[in-house]
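See structure below.
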Amino acid sequence: MVAVAAPKRPPRLLRHKKALVLGGIVLAWVVLWVALRNVGTLPLDASELTPLHRWVNDVNDAVGASRNSSPVFLHFFNEIRLVIDEFVTFVQALIAQPSSGRPVPVIGWLGVVAIAGFVSLAVAGWRVALLAVAGFVFLGLQGLWQESMDTLSLTLSAVVISLLFGIPLGIWAGLSDRAHRVMTPVLDFMQTMPTFVYLAPLTLFFLIGPASATIATLIYAAPPAIRITAHAIRSVPRDTVEASESLGATQTQTLVKVLLPSARKTIVLGVNQTIMAALSMVTIAALIDAPGLGKTVVKALQTLDVGTAFNAGLAIVVLAIVLDRVTTAATERRGLPRWALFGGLGVTGVCAYLSHTYLWAAEFQADVEIGSSITRGATAATEWAQDSLPALTNGFKDFVTFALINPLQALLAESPWFLVALVVVALSFLVGGLRPAIVSAVCLGLLVATGLWQDSMITLASTLVATIMVMVLGVVVGVWMGRSRRADRIVRPVLDAAQVMPAFVYLVPFLALFSASRFTAIIAAVVFAAPVAIKIIADGVRAVPPAAVEASTALGSSSWQTIVKVQLPMARGALTLAANQGLVYVLSMVVVGGLVGAGALGYDVVAGFSQGQLYGKGLAAGVAIVVLGVMLDRLTRAAAQRWTN
């Protein structure tokens, strides 16, 4: 037996050399910031425009002038807009808007409730059917039936079109390695971009309105369908495919008879994610005049009417929960007795006929509603919180603001732009290597080119602060869930429900607690991003081999030592993935916070929609958000890969 000498560990100083270099860079940055504060910060007033912004405004004006004369618009963009607008109008006429000279839709509230219940019964079972019926009736009781149906119409329209393109593309990516290699970076890029970013460019070509909102929604919702369908096809066991081919099946027969049935459950999960993404985007598309609940929430947020925003936000949550539960339960195949199928179909037909024929079954009665009570209750709760909890809320707000937000924002926004760029590129090189450093340099150059450097740094500061808070919360709760099955069973359903809610909804309660400010956007972003980070960390901690934990315990380690020395180091891949996803989620929410006083890039985007002369600035802000997202995403991925290796 030959003894193999264990490799010598490098000296402690060498093992911490990179940390020392990182600390030295940050220290030098702080020293130079003191000496060069407010020099070369590239500030830009709210109403000030750069030559790039004016050029974009000129392009927008030129596009508007040639919209009805240019062949590109006449035979391409206008045709696409017309087709989608007709489709959306058709769906709205069925369930949401008056049609064919009637004062009500083709199918009224009773028919819609019956159809929702029957579809849920057929694909998900009677419990989910009861939930669907109760949820849709509740929407009417809130006094928001038409707004809810407008939101549902746009969501369903976008989902149908997304799936028509997404599932075939996903199948192609699942069958072809070349297609998979081409599509993956495109899908990564699309899923990195915050929802705001899709709106401005589309209004340039398709104007504002339901058509543009639907196009933006389907573009945003398609990547989950493509990605999950491709994953489902590629996950089918190879021996199953080979068995089919050995029996003489053609490629089409193998696809139809083997691959798709085997991948059915995962593909339905992709449909679920597509629906959730579409609903989230439809509410935000209210900024470009999309009808529905999102418009109600936006108007209420802009006027700080928390009660109305809460009532409409609650309707969005109810609609999201119903759609999520129905599609999630549909992943499990259920057999429905023939008598139940035909009986339910008959009842649904009768209800649809009644809703088409009689006004009482078509139009939800306005005198039977609880929405005003919900609004008054939310307003009263807001006033009570603002009167009774200022010591607690303002204390927490001031602590985070003065201890974290202000110092980091001052360091980023009040340092010379070239100093920040040099520091970020150096840190990128140390953390990830040459390629991330190049990506960071290019992205920083683009931020300078947009003319919104200072606003970008303010948004970056808010994003980093929120991400730090997300990771602290994620580690604390995630480790607890990873070490305790009981905690996981209790907390995970809450996290699943939280991930269903669109981003808009998170702004409402924190607007009530903290009023309109950048802190409101940050804390909403923390709560929005925390569920995904917590679940990733919990799964990573649970995946640590039990033998390693048992060995640590046998050596006398305390629970704290086991967590710090064993479980967290061995789950570092999950930690870096949680940081990456947390950053992406936080950035998307921080810019939405422009509606509640967050300022910076989010405000620039919103102002670009509402004020024509700021359109170019709003579009540039959208580009800056994308650039920030790409830089942070690539940097955290590179750091994760190097740290894991």
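So you can find residues: chains in the structure tokens are A, B, ... in the order shown, residues in each start at 1, and ligands are numbered from 1 in order.
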
*Any idea what's packed within 12 Å of A:Gly612, counting only C-alpha atoms, ignoring anything in its chain fewer than 2 positions away? Could you give it as a PyMOL selection string?*
chain A and resi 47+53-54+56-58+60-61+200+203-204+605-610+614-619

*Might you pull out every residue within 12 Å of A:Glu245, with only C-alpha atoms counted and same-chain residues fewer than 5 positions away left off, and present them as a VMD selection string?*
chain A and resid 238 to 240 250 to 255 257 to 259

*Check stretch 75-213 of chain A with DSSP on the backbone and list each residue it calls helix (DSSP H, G or I), as a ChimeraX atom specification.*
/A:75-95,109-124,126-141,145-175,177-192,195-206,210-213

Residues of stretch 287-350 of chain A that approach stretch 209-221 of chain A to 7 Å or less, counting only C-alpha atoms: could you list each one with the shortest pair of atoms and its distance in Å to one decimal, rows by chain and increasing residue number, as a tab-separated table?
```
residue	atom	partner	partner_atom	distance
A:Ile288	CA	A:Gly209	CA	6.0
A:Asp289	CA	A:Gly209	CA	4.9
A:Ala290	CA	A:Pro210	CA	4.9
A:Pro291	CA	A:Pro210	CA	6.9
```

Now that the selection is made, can you save its residues with N, CA and C atoms as a PDB file, in the first residue's frame?
```
ATOM      1  N   ILE A 288     -49.239  51.458 -20.338  1.00  0.00           N
ATOM      2  CA  ILE A 288     -49.435  51.782 -21.752  1.00  0.00           C
ATOM      3  C   ILE A 288     -50.899  51.571 -22.132  1.00  0.00           C
ATOM      4  N   ASP A 289     -51.769  51.874 -21.171  1.00  0.00           N
ATOM      5  CA  ASP A 289     -53.213  51.937 -21.394  1.00  0.00           C
ATOM      6  C   ASP A 289     -53.857  50.569 -21.588  1.00  0.00           C
ATOM      7  N   ALA A 290     -53.304  49.545 -20.968  1.00  0.00           N
ATOM      8  CA  ALA A 290     -53.976  48.241 -20.975  1.00  0.00           C
ATOM      9  C   ALA A 290     -55.145  48.303 -20.003  1.00  0.00           C
ATOM     10  N   PRO A 291     -56.341  47.889 -20.398  1.00  0.00           N
ATOM     11  CA  PRO A 291     -57.483  47.951 -19.488  1.00  0.00           C
ATOM     12  C   PRO A 291     -57.395  46.882 -18.407  1.00  0.00           C
TER      13      PRO A 291
END
```

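Atom to atom, atom CA of A:Met149 and atom CA of A:Gln92 stand 7.6 Å apart.
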
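Residue nearest A:Phe528 within the list A:Val475, A:Ala466, A:Ala551, A:Val72: A:Ala466 [criterion: smallest interatomic distance, only C-alpha atoms].
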
*Take atom CA of A:Glu48 and atom CA of A:Pro407 and report the distance between them in Å, one decimal.*
26.3 Å

*asked:* List as a PyMOL selection string the protein and nucleic acid residues near stretch 23-37 of chain A, meaning an atom at most 9 Å away when only C-alpha atoms are counted, but skip any in the same chain fewer than 5 places from it.
replied: chain A and resi 18+410-411+414-416+419-420+423+426-427

*If you measure from atom CA of A:Ala548 to atom CA of A:Ile563, what distance in Å do you get, rounded to one decimal?*
11.1 Å

Residues of stretch 270-370 of chain A at most 7 Å from stretch 152-167 of chain A: nearest atom pair and distance in Å, only C-alpha atoms, as CSV:
```
residue,atom,partner,partner_atom,distance
A:Thr274,CA,A:Val159,CA,6.6
A:Ile275,CA,A:Val159,CA,6.1
A:Ala278,CA,A:Thr155,CA,5.6
A:Leu279,CA,A:Thr155,CA,5.6
A:Val282,CA,A:Thr155,CA,6.5
```

Limited to N, CA and C atoms, could you put the picked residues into a file as a tab-separated table (two decimals), in the first residue's frame?
```tsv
chain	number	residue	atom	x	y	z
A	274	THR	N	-46.22	30.32	-17.75
A	274	THR	CA	-46.57	31.29	-18.79
A	274	THR	C	-47.77	32.13	-18.36
A	275	ILE	N	-48.77	31.49	-17.77
A	275	ILE	CA	-49.95	32.22	-17.31
A	275	ILE	C	-49.59	33.20	-16.20
A	278	ALA	N	-47.74	36.10	-17.69
A	278	ALA	CA	-48.64	36.96	-18.46
A	278	ALA	C	-49.48	37.83	-17.55
A	279	LEU	N	-50.01	37.26	-16.47
A	279	LEU	CA	-50.83	38.04	-15.54
A	279	LEU	C	-50.00	39.15	-14.90
A	282	VAL	N	-49.49	41.84	-17.62
A	282	VAL	CA	-50.71	42.55	-17.99
A	282	VAL	C	-51.01	43.66	-17.00
```

Give me the stretch 250-291 of chain A side of the contact with stretch 224-230 of chain A, cut-off 8 Å, one line per residue showing its nearest atom pair and distance in Å at one decimal, counting only C-alpha atoms, sorted by chain and residue number, as a Markdown table.
```
| residue | atom | partner | partner_atom | distance |
| --- | --- | --- | --- | --- |
| A:Ala263 | CA | A:Thr229 | CA | 7.8 |
| A:Thr266 | CA | A:Ile228 | CA | 6.9 |
| A:Ile267 | CA | A:Thr229 | CA | 5.2 |
| A:Leu269 | CA | A:Ile228 | CA | 7.6 |
| A:Gly270 | CA | A:Ala225 | CA | 4.8 |
| A:Val271 | CA | A:Ala225 | CA | 6.1 |
| A:Gln273 | CA | A:Pro224 | CA | 6.1 |
| A:Thr274 | CA | A:Pro224 | CA | 5.8 |
```

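Using only C-alpha atoms, the smallest distance between any of A:Ile523, A:Val626, A:Val113, A:Leu247 and A:Ile405 comes from A:Ile523.
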
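Counting only C-alpha atoms, the residue from A:Gly474, A:Gly602, A:Gly395, A:Gly556 that sits nearest to A:Ala578 is A:Gly474.
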